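Asker: Pasting data.cif below, which is mmCIF, C-alpha atoms and all ligand atoms; chains and numbers go by the auth columns.
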```cif
data_entry
#
loop_
_atom_site.group_PDB
_atom_site.id
_atom_site.type_symbol
_atom_site.label_atom_id
_atom_site.label_comp_id
_atom_site.label_asym_id
_atom_site.label_seq_id
_atom_site.Cartn_x
_atom_site.Cartn_y
_atom_site.Cartn_z
_atom_site.B_iso_or_equiv
_atom_site.auth_seq_id
_atom_site.auth_asym_id
ATOM 1 C CA MET A 1 113.110 161.266 145.066 0.00 135 M
ATOM 2 C CA LEU A 2 112.617 162.045 148.736 0.00 136 M
ATOM 3 C CA LEU A 3 112.228 165.801 148.510 0.00 137 M
ATOM 4 C CA GLN A 4 111.183 167.857 145.533 0.00 138 M
ATOM 5 C CA THR A 5 110.281 171.520 145.356 0.00 139 M
ATOM 6 C CA LYS A 6 108.748 173.332 142.402 0.00 140 M
ATOM 7 C CA GLY A 7 108.483 177.088 141.852 0.00 141 M
ATOM 8 C CA LEU A 8 108.647 178.007 145.543 0.00 142 M
ATOM 9 C CA ALA A 9 108.107 181.651 146.449 0.00 143 M
ATOM 10 C CA PHE A 10 107.373 183.357 149.734 0.00 144 M
ATOM 11 C CA THR A 11 106.674 186.953 150.726 0.00 145 M
ATOM 12 C CA HIS A 12 107.185 188.207 154.272 0.00 146 M
ATOM 13 C CA PRO A 13 104.874 191.088 155.164 0.00 147 M
ATOM 14 C CA GLY A 14 106.160 194.321 153.635 0.00 148 M
ATOM 15 C CA GLN A 15 109.148 192.559 151.973 0.00 149 M
ATOM 16 C CA LYS A 16 110.079 191.615 148.414 0.00 150 M
ATOM 17 C CA THR A 17 109.020 188.144 147.269 0.00 151 M
ATOM 18 C CA ILE A 18 111.782 185.552 147.607 0.00 152 M
ATOM 19 C CA HIS A 19 111.939 183.025 144.739 0.00 153 M
ATOM 20 C CA PHE A 20 113.737 179.757 145.383 0.00 154 M
ATOM 21 C CA GLU A 21 115.567 177.496 142.980 0.00 155 M
ATOM 22 C CA ASP A 22 113.944 174.052 142.615 0.00 156 M
ATOM 23 C CA ILE A 23 115.435 171.340 144.822 0.00 157 M
ATOM 24 C CA GLU A 24 115.583 167.592 144.259 0.00 158 M
ATOM 25 C CA ILE A 25 117.231 165.312 146.764 0.00 159 M
ATOM 26 C CA SER A 26 117.147 161.544 147.276 0.00 160 M
ATOM 27 C CA GLU A 27 117.521 159.362 150.362 0.00 161 M
ATOM 28 C CA GLY A 28 121.145 159.281 151.537 0.00 162 M
ATOM 29 C CA GLU A 29 122.071 162.518 149.722 0.00 163 M
ATOM 30 C CA SER A 30 123.325 165.767 151.282 0.00 164 M
ATOM 31 C CA LEU A 31 122.670 169.291 150.074 0.00 165 M
ATOM 32 C CA LEU A 32 123.928 172.642 151.277 0.00 166 M
ATOM 33 C CA VAL A 33 121.784 175.754 151.096 0.00 167 M
ATOM 34 C CA LEU A 34 124.137 178.738 150.986 0.00 168 M
ATOM 35 C CA GLY A 35 123.341 182.431 150.936 0.00 169 M
ATOM 36 C CA LYS A 36 124.106 185.716 152.610 0.00 170 M
ATOM 37 C CA SER A 37 122.456 186.852 155.816 0.00 171 M
ATOM 38 C CA GLY A 38 118.892 187.901 155.060 0.00 172 M
ATOM 39 C CA SER A 39 118.763 186.124 151.670 0.00 173 M
ATOM 40 C CA GLY A 40 115.995 183.740 152.762 0.00 174 M
ATOM 41 C CA LYS A 41 117.699 180.555 153.950 0.00 175 M
ATOM 42 C CA THR A 42 115.675 180.156 157.131 0.00 176 M
ATOM 43 C CA THR A 43 112.542 180.992 155.177 0.00 177 M
ATOM 44 C CA LEU A 44 113.349 178.130 152.781 0.00 178 M
ATOM 45 C CA LEU A 45 113.968 175.748 155.654 0.00 179 M
ATOM 46 C CA ASN A 46 110.615 176.663 157.194 0.00 180 M
ATOM 47 C CA LEU A 47 108.921 175.935 153.859 0.00 181 M
ATOM 48 C CA LEU A 48 110.713 172.568 153.557 0.00 182 M
ATOM 49 C CA ALA A 49 109.632 171.649 157.093 0.00 183 M
ATOM 50 C CA GLY A 50 106.039 172.695 156.490 0.00 184 M
ATOM 51 C CA LEU A 51 106.399 175.342 159.212 0.00 185 M
ATOM 52 C CA ALA A 52 105.408 178.016 156.676 0.00 186 M
ATOM 53 C CA LYS A 53 103.174 177.745 153.611 0.00 187 M
ATOM 54 C CA PRO A 54 104.534 178.896 150.257 0.00 188 M
ATOM 55 C CA ASP A 55 102.709 181.684 148.423 0.00 189 M
ATOM 56 C CA GLN A 56 103.600 179.924 145.184 0.00 190 M
ATOM 57 C CA GLY A 57 104.805 176.436 144.344 0.00 191 M
ATOM 58 C CA GLU A 58 104.950 173.251 146.379 0.00 192 M
ATOM 59 C CA VAL A 59 107.116 171.047 148.568 0.00 193 M
ATOM 60 C CA LYS A 60 106.814 167.283 148.191 0.00 194 M
ATOM 61 C CA VAL A 61 108.298 165.038 150.888 0.00 195 M
ATOM 62 C CA ASP A 62 108.183 161.294 150.331 0.00 196 M
ATOM 63 C CA GLY A 63 105.396 161.767 147.782 0.00 197 M
ATOM 64 C CA LYS A 64 103.237 164.038 149.994 0.00 198 M
ATOM 65 C CA VAL A 65 102.597 167.670 149.102 0.00 199 M
ATOM 66 C CA LEU A 66 103.024 169.434 152.466 0.00 200 M
ATOM 67 C CA SER A 67 100.453 172.131 151.763 0.00 201 M
ATOM 68 C CA SER A 68 97.816 169.413 151.259 0.00 202 M
ATOM 69 C CA LEU A 69 98.198 168.572 154.965 0.00 203 M
ATOM 70 C CA SER A 70 97.200 170.828 157.809 0.00 204 M
ATOM 71 C CA GLY A 71 96.856 170.984 161.576 0.00 205 M
ATOM 72 C CA GLN A 72 97.423 167.711 163.392 0.00 206 M
ATOM 73 C CA LYS A 73 98.038 165.740 160.188 0.00 207 M
ATOM 74 C CA LEU A 74 100.879 168.032 159.196 0.00 208 M
ATOM 75 C CA ASP A 75 102.329 167.964 162.734 0.00 209 M
ATOM 76 C CA LEU A 76 102.239 164.169 162.779 0.00 210 M
ATOM 77 C CA PHE A 77 103.767 163.923 159.287 0.00 211 M
ATOM 78 C CA ARG A 78 106.570 166.261 160.372 0.00 212 M
ATOM 79 C CA GLY A 79 107.035 164.406 163.656 0.00 213 M
ATOM 80 C CA GLN A 80 107.402 161.102 161.825 0.00 214 M
ATOM 81 C CA ASN A 81 109.405 162.106 158.766 0.00 215 M
ATOM 82 C CA ILE A 82 111.367 165.283 159.375 0.00 216 M
ATOM 83 C CA GLY A 83 114.070 166.038 161.947 0.00 217 M
ATOM 84 C CA ILE A 84 114.997 169.672 162.467 0.00 218 M
ATOM 85 C CA VAL A 85 118.148 171.106 164.031 0.00 219 M
ATOM 86 C CA PHE A 86 117.341 174.732 164.783 0.00 220 M
ATOM 87 C CA GLN A 87 119.871 177.600 164.983 0.00 221 M
ATOM 88 C CA LYS A 88 119.523 177.595 168.751 0.00 222 M
ATOM 89 C CA PRO A 89 119.015 174.288 170.572 0.00 223 M
ATOM 90 C CA HIS A 90 115.576 175.168 172.102 0.00 224 M
ATOM 91 C CA LEU A 91 115.774 172.326 174.601 0.00 225 M
ATOM 92 C CA ILE A 92 113.165 171.963 177.319 0.00 226 M
ATOM 93 C CA ALA A 93 114.913 173.266 180.425 0.00 227 M
ATOM 94 C CA ALA A 94 112.845 171.296 182.920 0.00 228 M
ATOM 95 C CA LEU A 95 113.784 167.960 181.333 0.00 229 M
ATOM 96 C CA ASN A 96 117.055 166.063 181.240 0.00 230 M
ATOM 97 C CA VAL A 97 118.897 165.060 178.050 0.00 231 M
ATOM 98 C CA LEU A 98 117.175 161.704 177.582 0.00 232 M
ATOM 99 C CA GLU A 99 113.731 163.142 178.344 0.00 233 M
ATOM 100 C CA ASN A 100 114.245 165.838 175.697 0.00 234 M
ATOM 101 C CA LEU A 101 114.805 163.082 173.127 0.00 235 M
ATOM 102 C CA GLN A 102 111.865 161.016 174.368 0.00 236 M
ATOM 103 C CA MET A 103 109.661 164.054 173.927 0.00 237 M
ATOM 104 C CA ALA A 104 110.499 164.196 170.199 0.00 238 M
ATOM 105 C CA ASN A 105 109.417 160.588 169.817 0.00 239 M
ATOM 106 C CA TYR A 106 106.254 161.158 171.802 0.00 240 M
ATOM 107 C CA PHE A 107 105.159 163.794 169.276 0.00 241 M
ATOM 108 C CA GLY A 108 106.113 161.558 166.354 0.00 242 M
ATOM 109 C CA LYS A 109 104.389 158.550 168.009 0.00 243 M
ATOM 110 C CA LYS A 110 107.617 156.587 167.648 0.00 244 M
ATOM 111 C CA LYS A 111 109.303 154.102 169.987 0.00 245 M
ATOM 112 C CA ASN A 112 112.455 154.961 171.942 0.00 246 M
ATOM 113 C CA GLY A 113 114.553 151.871 171.112 0.00 247 M
ATOM 114 C CA GLN A 114 117.320 153.640 169.208 0.00 248 M
ATOM 115 C CA LEU A 115 117.887 156.480 171.678 0.00 249 M
ATOM 116 C CA VAL A 116 120.649 154.703 173.622 0.00 250 M
ATOM 117 C CA GLN A 117 122.580 154.217 170.371 0.00 251 M
ATOM 118 C CA ILE A 118 122.082 157.823 169.255 0.00 252 M
ATOM 119 C CA LEU A 119 123.312 159.126 172.606 0.00 253 M
ATOM 120 C CA GLN A 120 126.357 156.890 172.297 0.00 254 M
ATOM 121 C CA ASP A 121 127.085 157.958 168.702 0.00 255 M
ATOM 122 C CA LEU A 122 126.950 161.603 169.715 0.00 256 M
ATOM 123 C CA GLY A 123 129.119 161.135 172.803 0.00 257 M
ATOM 124 C CA LEU A 124 126.283 161.950 175.188 0.00 258 M
ATOM 125 C CA SER A 125 125.751 158.660 177.062 0.00 259 M
ATOM 126 C CA GLU A 126 127.222 160.002 180.276 0.00 260 M
ATOM 127 C CA LYS A 127 125.077 163.102 180.082 0.00 261 M
ATOM 128 C CA ARG A 128 121.766 161.336 179.539 0.00 262 M
ATOM 129 C CA LYS A 129 120.479 162.081 183.041 0.00 263 M
ATOM 130 C CA SER A 130 121.950 165.609 183.162 0.00 264 M
ATOM 131 C CA SER A 131 119.755 168.662 183.255 0.00 265 M
ATOM 132 C CA VAL A 132 120.075 170.382 179.877 0.00 266 M
ATOM 133 C CA GLN A 133 120.759 173.629 181.749 0.00 267 M
ATOM 134 C CA THR A 134 124.134 172.265 182.855 0.00 268 M
ATOM 135 C CA LEU A 135 125.393 171.482 179.334 0.00 269 M
ATOM 136 C CA SER A 136 128.105 173.360 177.450 0.00 270 M
ATOM 137 C CA GLU A 137 127.085 175.063 174.201 0.00 271 M
ATOM 138 C CA GLY A 138 128.650 172.282 172.135 0.00 272 M
ATOM 139 C CA GLU A 139 126.901 169.587 174.175 0.00 273 M
ATOM 140 C CA ALA A 140 123.563 171.360 173.847 0.00 274 M
ATOM 141 C CA GLN A 141 124.159 171.524 170.092 0.00 275 M
ATOM 142 C CA ARG A 142 124.755 167.772 170.009 0.00 276 M
ATOM 143 C CA VAL A 143 121.598 167.131 172.051 0.00 277 M
ATOM 144 C CA SER A 144 119.620 169.157 169.528 0.00 278 M
ATOM 145 C CA ILE A 145 121.120 167.009 166.752 0.00 279 M
ATOM 146 C CA ALA A 146 120.293 163.864 168.729 0.00 280 M
ATOM 147 C CA ARG A 147 116.725 165.103 169.149 0.00 281 M
ATOM 148 C CA ALA A 148 116.409 165.670 165.399 0.00 282 M
ATOM 149 C CA LEU A 149 117.562 162.078 164.825 0.00 283 M
ATOM 150 C CA ALA A 150 115.466 160.500 167.582 0.00 284 M
ATOM 151 C CA ASN A 151 112.490 159.722 165.363 0.00 285 M
ATOM 152 C CA GLU A 152 114.708 158.301 162.587 0.00 286 M
ATOM 153 C CA PRO A 153 113.454 160.866 160.078 0.00 287 M
ATOM 154 C CA LYS A 154 113.648 160.490 156.293 0.00 288 M
ATOM 155 C CA LEU A 155 114.649 164.133 155.987 0.00 289 M
ATOM 156 C CA ILE A 156 117.020 166.040 158.287 0.00 290 M
ATOM 157 C CA LEU A 157 117.009 169.844 158.094 0.00 291 M
ATOM 158 C CA ALA A 158 119.724 171.774 159.909 0.00 292 M
ATOM 159 C CA ASP A 159 119.705 175.564 160.216 0.00 293 M
ATOM 160 C CA GLU A 160 123.189 177.064 160.735 0.00 294 M
ATOM 161 C CA PRO A 161 124.351 174.184 162.943 0.00 295 M
ATOM 162 C CA THR A 162 127.965 175.394 162.933 0.00 296 M
ATOM 163 C CA SER A 163 127.703 179.172 163.142 0.00 297 M
ATOM 164 C CA SER A 164 128.921 179.370 166.732 0.00 298 M
ATOM 165 C CA LEU A 165 131.549 176.644 166.449 0.00 299 M
ATOM 166 C CA ASP A 166 135.283 176.702 165.784 0.00 300 M
ATOM 167 C CA ASP A 167 136.815 174.872 162.787 0.00 301 M
ATOM 168 C CA VAL A 168 137.429 171.608 164.658 0.00 302 M
ATOM 169 C CA ASN A 169 133.905 171.418 166.050 0.00 303 M
ATOM 170 C CA THR A 170 132.414 172.518 162.724 0.00 304 M
ATOM 171 C CA GLU A 171 134.047 169.535 161.064 0.00 305 M
ATOM 172 C CA LYS A 172 132.900 167.244 163.874 0.00 306 M
ATOM 173 C CA VAL A 173 129.273 168.401 163.708 0.00 307 M
ATOM 174 C CA ILE A 174 129.098 168.137 159.902 0.00 308 M
ATOM 175 C CA LYS A 175 130.644 164.657 159.952 0.00 309 M
ATOM 176 C CA LEU A 176 128.264 163.640 162.709 0.00 310 M
ATOM 177 C CA LEU A 177 125.232 164.860 160.776 0.00 311 M
ATOM 178 C CA GLN A 178 126.451 163.131 157.617 0.00 312 M
ATOM 179 C CA SER A 179 127.294 159.821 159.271 0.00 313 M
ATOM 180 C CA GLN A 180 123.988 159.741 161.153 0.00 314 M
ATOM 181 C CA ALA A 181 122.048 160.621 157.997 0.00 315 M
ATOM 182 C CA GLU A 182 123.840 157.833 156.125 0.00 316 M
ATOM 183 C CA LYS A 183 123.130 155.375 158.901 0.00 317 M
ATOM 184 C CA ILE A 184 119.368 155.856 158.614 0.00 318 M
ATOM 185 C CA ASN A 185 119.500 156.601 154.849 0.00 319 M
ATOM 186 C CA ALA A 186 117.998 160.034 155.369 0.00 320 M
ATOM 187 C CA ALA A 187 118.382 163.039 153.092 0.00 321 M
ATOM 188 C CA LEU A 188 120.301 165.851 154.769 0.00 322 M
ATOM 189 C CA ILE A 189 119.899 169.563 154.055 0.00 323 M
ATOM 190 C CA ILE A 190 122.149 172.034 155.833 0.00 324 M
ATOM 191 C CA VAL A 191 121.352 175.726 155.649 0.00 325 M
ATOM 192 C CA THR A 192 124.384 177.908 156.287 0.00 326 M
ATOM 193 C CA HIS A 193 126.340 181.023 155.434 0.00 327 M
ATOM 194 C CA ASP A 194 129.426 179.220 156.722 0.00 328 M
ATOM 195 C CA GLN A 195 131.652 178.682 153.675 0.00 329 M
ATOM 196 C CA ARG A 196 133.736 176.167 155.688 0.00 330 M
ATOM 197 C CA VAL A 197 130.933 173.636 155.351 0.00 331 M
ATOM 198 C CA LYS A 198 131.491 173.616 151.565 0.00 332 M
ATOM 199 C CA ASN A 199 134.669 171.636 152.179 0.00 333 M
ATOM 200 C CA HIS A 200 132.549 168.737 153.369 0.00 334 M
ATOM 201 C CA ILE A 201 129.458 168.732 151.144 0.00 335 M
ATOM 202 C CA SER A 202 129.821 169.324 147.411 0.00 336 M
ATOM 203 C CA LYS A 203 126.200 169.630 146.266 0.00 337 M
ATOM 204 C CA PHE A 204 124.773 173.070 146.989 0.00 338 M
ATOM 205 C CA ILE A 205 122.266 175.696 145.959 0.00 339 M
ATOM 206 C CA GLU A 206 122.527 179.399 146.648 0.00 340 M
ATOM 207 C CA VAL A 207 119.623 181.513 147.874 0.00 341 M
ATOM 208 C CA LYS A 208 119.777 185.024 146.465 0.00 342 M
ATOM 209 C CA ALA A 209 117.580 187.955 147.348 0.00 343 M
ATOM 210 C CA SER A 210 116.480 189.266 143.925 0.00 344 M
HETATM 211 N N1 LIG B . 108.571 187.521 160.241 0.00 401 M
HETATM 212 C C1 LIG B . 109.110 188.313 159.305 0.00 401 M
HETATM 213 N N2 LIG B . 108.504 189.459 158.951 0.00 401 M
HETATM 214 C C2 LIG B . 109.020 190.282 158.007 0.00 401 M
HETATM 215 N N3 LIG B . 110.161 190.006 157.357 0.00 401 M
HETATM 216 C C3 LIG B . 110.825 188.888 157.676 0.00 401 M
HETATM 217 C C4 LIG B . 110.335 187.969 158.668 0.00 401 M
HETATM 218 N N4 LIG B . 111.206 186.930 158.770 0.00 401 M
HETATM 219 C C5 LIG B . 112.198 187.186 157.886 0.00 401 M
HETATM 220 N N5 LIG B . 111.977 188.348 157.233 0.00 401 M
HETATM 221 C C6 LIG B . 112.840 188.944 156.180 0.00 401 M
HETATM 222 O O1 LIG B . 112.950 188.016 155.104 0.00 401 M
HETATM 223 C C7 LIG B . 114.280 187.974 154.601 0.00 401 M
HETATM 224 C C8 LIG B . 114.826 186.558 154.689 0.00 401 M
HETATM 225 O O2 LIG B . 114.971 186.173 156.050 0.00 401 M
HETATM 226 P P1 LIG B . 115.616 184.783 156.487 0.00 401 M
HETATM 227 O O3 LIG B . 115.575 184.698 157.965 0.00 401 M
HETATM 228 O O4 LIG B . 114.981 183.700 155.711 0.00 401 M
HETATM 229 O O5 LIG B . 117.123 184.993 155.975 0.00 401 M
HETATM 230 P P2 LIG B . 118.429 184.109 156.264 0.00 401 M
HETATM 231 O O6 LIG B . 119.108 183.938 154.930 0.00 401 M
HETATM 232 O O7 LIG B . 118.080 182.874 156.990 0.00 401 M
HETATM 233 O O8 LIG B . 119.275 185.089 157.182 0.00 401 M
HETATM 234 P P3 LIG B . 120.383 184.738 158.340 0.00 401 M
HETATM 235 O O9 LIG B . 121.533 184.072 157.623 0.00 401 M
HETATM 236 O O10 LIG B . 120.742 186.109 158.838 0.00 401 M
HETATM 237 O O11 LIG B . 119.727 183.871 159.366 0.00 401 M
HETATM 238 C C9 LIG B . 115.058 189.000 155.413 0.00 401 M
HETATM 239 O O12 LIG B . 115.113 190.195 154.673 0.00 401 M
HETATM 240 C C10 LIG B . 114.243 189.175 156.684 0.00 401 M
HETATM 241 O O13 LIG B . 114.404 190.479 157.191 0.00 401 M
#
```
Can I see the file as structure tokens?
Answerer:
Amino acid sequence: MLLQTKGLAFTHPGQKTIHFEDIEISEGESLLVLGKSGSGKTTLLNLLAGLAKPDQGEVKVDGKVLSSLSGQKLDLFRGQNIGIVFQKPHLIAALNVLENLQMANYFGKKKNGQLVQILQDLGLSEKRKSSVQTLSEGEAQRVSIARALANEPKLILADEPTSSLDDVNTEKVIKLLQSQAEKINAALIIVTHDQRVKNHISKFIEVKAS
């Protein structure tokens, strides 16, 4: 089992506690996290990435309980094992496409050998020297996926990767995430309120505000 959660709960200041269904996912598997706006999907993703600490319960990634790590150790563990595609690309404007990917590996202390292949797989080879400020929205989205894959993570977390895309590009992005996850035998979790994604991934959980 690559990722396992037990009894997770989190309370934002002044809000009701959100309780999350337990999750189990193995290498090479995909899981959708569905739920309405405001139900707690991003909160769950932050807990799975170790970006927030649960008030109750635990998250285990590759045998490590995330809350047992802190500071630099947690950052390094995340940098080496978890790739995150955020809702917005959050690329570093001063750097070009390739440099944005190299940065991810620098933090994960990983080598850059596979970057050329990733850029090719995502149709970004010709853009590798381009300033990220000159990219279209779809290209920037693909760079943020490439960055999440750069360190060959065991777990890929994607937060609403298709919300601003049309049907054709939604299908492309989901297929891309799935094929890349399969290639490196990573577990893939996609957080979305986009019901279209259900056509592509059958295993899902639903986050409900109780
Ligand atoms: N920093 C915060 N402080 C207080 N409340 C918060 C904070 N962040 C989120 N919340 C609340 O927690 C709940 C869950 O938020 P979350 O962002 O996880 O939902 P979501 O399902 O990802 O929503 P969306 O689909 O709109 O992105 C919401 O009611 C939100 O208002």
Asker: Between atom CA of Leu165 of chain M and atom CA of Val307 of chain M, what is the spacing in Å?
Answerer: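 Going from atom CA of Val307 of chain M over to atom CA of Leu165 of chain M covers 15.2 Å.
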Asker: Compile the contact shell of segment 298-302 of chain M as a list in words: residues with an atom at most 9 Å away, counting only C-alpha atoms, same-chain residues fewer than 4 positions apart removed.
Answerer: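 So, after excluding close chain neighbours, the residues are Glu271, Gly272, Glu294, Lys306, Val307 and Arg330 of chain M.
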Asker: What's the 9 Å shell around segment 317-324 of chain M, counting only C-alpha atoms, without same-chain residues fewer than 4 positions away, as a compact mmCIF listing (two decimals) with C-alpha atoms, in the frame of the given file?
Answerer:
```
# COMPACT_ATOMS: atom_id res chain seq x y z
CA LEU M 136 112.62 162.04 148.74
CA LEU M 137 112.23 165.80 148.51
CA ILE M 159 117.23 165.31 146.76
CA SER M 160 117.15 161.54 147.28
CA GLU M 161 117.52 159.36 150.36
CA GLY M 162 121.14 159.28 151.54
CA GLU M 163 122.07 162.52 149.72
CA SER M 164 123.32 165.77 151.28
CA LEU M 165 122.67 169.29 150.07
CA LEU M 166 123.93 172.64 151.28
CA VAL M 167 121.78 175.75 151.10
CA LEU M 168 124.14 178.74 150.99
CA LEU M 179 113.97 175.75 155.65
CA LEU M 283 117.56 162.08 164.82
CA GLU M 286 114.71 158.30 162.59
CA PRO M 287 113.45 160.87 160.08
CA LYS M 288 113.65 160.49 156.29
CA LEU M 289 114.65 164.13 155.99
CA ILE M 290 117.02 166.04 158.29
CA LEU M 291 117.01 169.84 158.09
CA ALA M 292 119.72 171.77 159.91
CA ASP M 293 119.70 175.56 160.22
CA GLU M 294 123.19 177.06 160.74
CA PRO M 295 124.35 174.18 162.94
CA ILE M 308 129.10 168.14 159.90
CA LEU M 311 125.23 164.86 160.78
CA GLN M 312 126.45 163.13 157.62
CA SER M 313 127.29 159.82 159.27
CA VAL M 331 130.93 173.64 155.35
```
Asker: Kindly provide, as a short mmCIF file (atom, residue, chain, number, x, y, z; two decimals) with C-alpha atoms, in the coordinates of the input, all nucleotide and amino acid residues lying within 12 Å of ligand LIG 401 (chain M), counting all atoms listed in the file.
Answerer:
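Produced file part_13.cif, reproduced below:
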```cif
data_model
loop_
_atom_site.label_atom_id
_atom_site.label_comp_id
_atom_site.auth_asym_id
_atom_site.auth_seq_id
_atom_site.Cartn_x
_atom_site.Cartn_y
_atom_site.Cartn_z
CA ALA M 143 108.11 181.65 146.45
CA PHE M 144 107.37 183.36 149.73
CA THR M 145 106.67 186.95 150.73
CA HIS M 146 107.18 188.21 154.27
CA PRO M 147 104.87 191.09 155.16
CA GLY M 148 106.16 194.32 153.64
CA GLN M 149 109.15 192.56 151.97
CA LYS M 150 110.08 191.62 148.41
CA THR M 151 109.02 188.14 147.27
CA ILE M 152 111.78 185.55 147.61
CA HIS M 153 111.94 183.02 144.74
CA PHE M 154 113.74 179.76 145.38
CA VAL M 167 121.78 175.75 151.10
CA LEU M 168 124.14 178.74 150.99
CA GLY M 169 123.34 182.43 150.94
CA LYS M 170 124.11 185.72 152.61
CA SER M 171 122.46 186.85 155.82
CA GLY M 172 118.89 187.90 155.06
CA SER M 173 118.76 186.12 151.67
CA GLY M 174 116.00 183.74 152.76
CA LYS M 175 117.70 180.56 153.95
CA THR M 176 115.68 180.16 157.13
CA THR M 177 112.54 180.99 155.18
CA LEU M 178 113.35 178.13 152.78
CA LEU M 179 113.97 175.75 155.65
CA ASN M 180 110.62 176.66 157.19
CA LEU M 181 108.92 175.94 153.86
CA ALA M 186 105.41 178.02 156.68
CA PHE M 220 117.34 174.73 164.78
CA GLN M 221 119.87 177.60 164.98
CA LYS M 222 119.52 177.60 168.75
CA ALA M 292 119.72 171.77 159.91
CA ASP M 293 119.70 175.56 160.22
CA GLU M 294 123.19 177.06 160.74
CA PRO M 295 124.35 174.18 162.94
CA SER M 297 127.70 179.17 163.14
CA ILE M 324 122.15 172.03 155.83
CA VAL M 325 121.35 175.73 155.65
CA THR M 326 124.38 177.91 156.29
CA HIS M 327 126.34 181.02 155.43
CA ASP M 328 129.43 179.22 156.72
CA GLU M 340 122.53 179.40 146.65
CA VAL M 341 119.62 181.51 147.87
CA LYS M 342 119.78 185.02 146.46
CA ALA M 343 117.58 187.96 147.35
CA SER M 344 116.48 189.27 143.93
#
```
Asker: Name the residues that the PyMOL selection byres (((chain M and resi 228-242) around 6) and not hetatm) picks from the file above, as a list in words, using the file's chain letters and numbers.
Answerer: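 When the PyMOL selection byres (((chain M and resi 228-242) around 6) and not hetatm) is applied, the selected residues are Leu210, Gly213, Gln214, Ile226, Ala227, Lys243, Lys244, Arg262, Lys263, Ser264, Ser265, Val266, Arg281 and Asn285 of chain M.
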Asker: Export, as a PDB file, keeping the file's coordinate frame, the selected residues with C-alpha atoms.
Answerer:
```
ATOM      1  CA  LEU M 210     102.239 164.169 162.779  1.00  0.00           C
ATOM      2  CA  GLY M 213     107.035 164.406 163.656  1.00  0.00           C
ATOM      3  CA  GLN M 214     107.402 161.102 161.825  1.00  0.00           C
ATOM      4  CA  ILE M 226     113.165 171.963 177.319  1.00  0.00           C
ATOM      5  CA  ALA M 227     114.913 173.266 180.425  1.00  0.00           C
ATOM      6  CA  LYS M 243     104.389 158.550 168.009  1.00  0.00           C
ATOM      7  CA  LYS M 244     107.617 156.587 167.648  1.00  0.00           C
ATOM      8  CA  ARG M 262     121.766 161.336 179.539  1.00  0.00           C
ATOM      9  CA  LYS M 263     120.479 162.081 183.041  1.00  0.00           C
ATOM     10  CA  SER M 264     121.950 165.609 183.162  1.00  0.00           C
ATOM     11  CA  SER M 265     119.755 168.662 183.255  1.00  0.00           C
ATOM     12  CA  VAL M 266     120.075 170.382 179.877  1.00  0.00           C
ATOM     13  CA  ARG M 281     116.725 165.103 169.149  1.00  0.00           C
ATOM     14  CA  ASN M 285     112.490 159.722 165.363  1.00  0.00           C
TER      15      ASN M 285
END
```
Asker: Please measure the separation of atom CA of Val250 of chain M and atom CA of Gln275 of chain M, giving the value in Å to one decimal.
Answerer: 17.5 Å
Asker: Residues near Val199 of chain M, anyone? I mean within 12 Å using all atoms listed in the file, not counting same-chain ones fewer than 5 positions away, as an NGL selection string.
Answerer: :M and (136-140 or 181-184 or 187-188 or 191-194 or 204 or 208 or 211)
Asker: Deliver the residues from the most recent selection as a file, using C-alpha atoms, as an mmCIF file, in the coordinates of the input.
Answerer:
```cif
data_model
loop_
_atom_site.group_PDB
_atom_site.id
_atom_site.type_symbol
_atom_site.label_atom_id
_atom_site.label_comp_id
_atom_site.auth_asym_id
_atom_site.auth_seq_id
_atom_site.Cartn_x
_atom_site.Cartn_y
_atom_site.Cartn_z
ATOM 1 C CA LEU M 136 112.617 162.045 148.736
ATOM 2 C CA LEU M 137 112.228 165.801 148.510
ATOM 3 C CA GLN M 138 111.183 167.857 145.533
ATOM 4 C CA THR M 139 110.281 171.520 145.356
ATOM 5 C CA LYS M 140 108.748 173.332 142.402
ATOM 6 C CA LEU M 181 108.921 175.935 153.859
ATOM 7 C CA LEU M 182 110.713 172.568 153.557
ATOM 8 C CA ALA M 183 109.632 171.649 157.093
ATOM 9 C CA GLY M 184 106.039 172.695 156.490
ATOM 10 C CA LYS M 187 103.174 177.745 153.611
ATOM 11 C CA PRO M 188 104.534 178.896 150.257
ATOM 12 C CA GLY M 191 104.805 176.436 144.344
ATOM 13 C CA GLU M 192 104.950 173.251 146.379
ATOM 14 C CA VAL M 193 107.116 171.047 148.568
ATOM 15 C CA LYS M 194 106.814 167.283 148.191
ATOM 16 C CA SER M 204 97.200 170.828 157.809
ATOM 17 C CA LEU M 208 100.879 168.032 159.196
ATOM 18 C CA PHE M 211 103.767 163.923 159.287
#
```
Asker: For segment 283-288 of chain M, take all atoms listed in the file, fit an axis-aligned box around them, add 6 Å to each of the six sides, then output centre and edge lengths in Å rounded to one decimal, as JSON.
Answerer:
```
{"center_x": 115.0, "center_y": 160.2, "center_z": 161.9, "size_x": 17.1, "size_y": 15.8, "size_z": 23.3}
```
Asker: Could you write out as a PyMOL selection string the residues that the PyMOL selection byres (((chain M and resi 252) around 10) and not hetatm) matches in the shown file?
Answerer: chain M and resi 235+247-251+253-259+277+279-281+283-284+286+314
Asker: Could you check how far atom CA of Glu273 of chain M sits from atom CA of Glu305 of chain M, in Å to one decimal?
Answerer: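 Rounded to one decimal, the two atoms are 14.9 Å apart.
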Asker: Taking all atoms listed in the file into account, which of M:Leu269, M:Ala274, M:Leu200, M:Ile339 comes nearest Val219 of chain M?
Answerer: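 Among the listed residues, M:Ala274 lies closest to Val219 of chain M.
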Asker: When you count all atoms listed in the file, which of these residues is closest to Ala315 of chain M: M:Gly205, M:Gly197, M:Gly141, M:Gly217?
Answerer: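 Ranking M:Gly205, M:Gly197, M:Gly141, M:Gly217 by distance to Ala315 of chain M, first place goes to M:Gly217.
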Asker: Just checking: using only C-alpha atoms, which residue out of M:Met135, M:Ser201, M:Leu185, M:Ile157 ends up closest to Ile218 of chain M?
Answerer: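 Among the listed residues, M:Leu185 lies closest to Ile218 of chain M.
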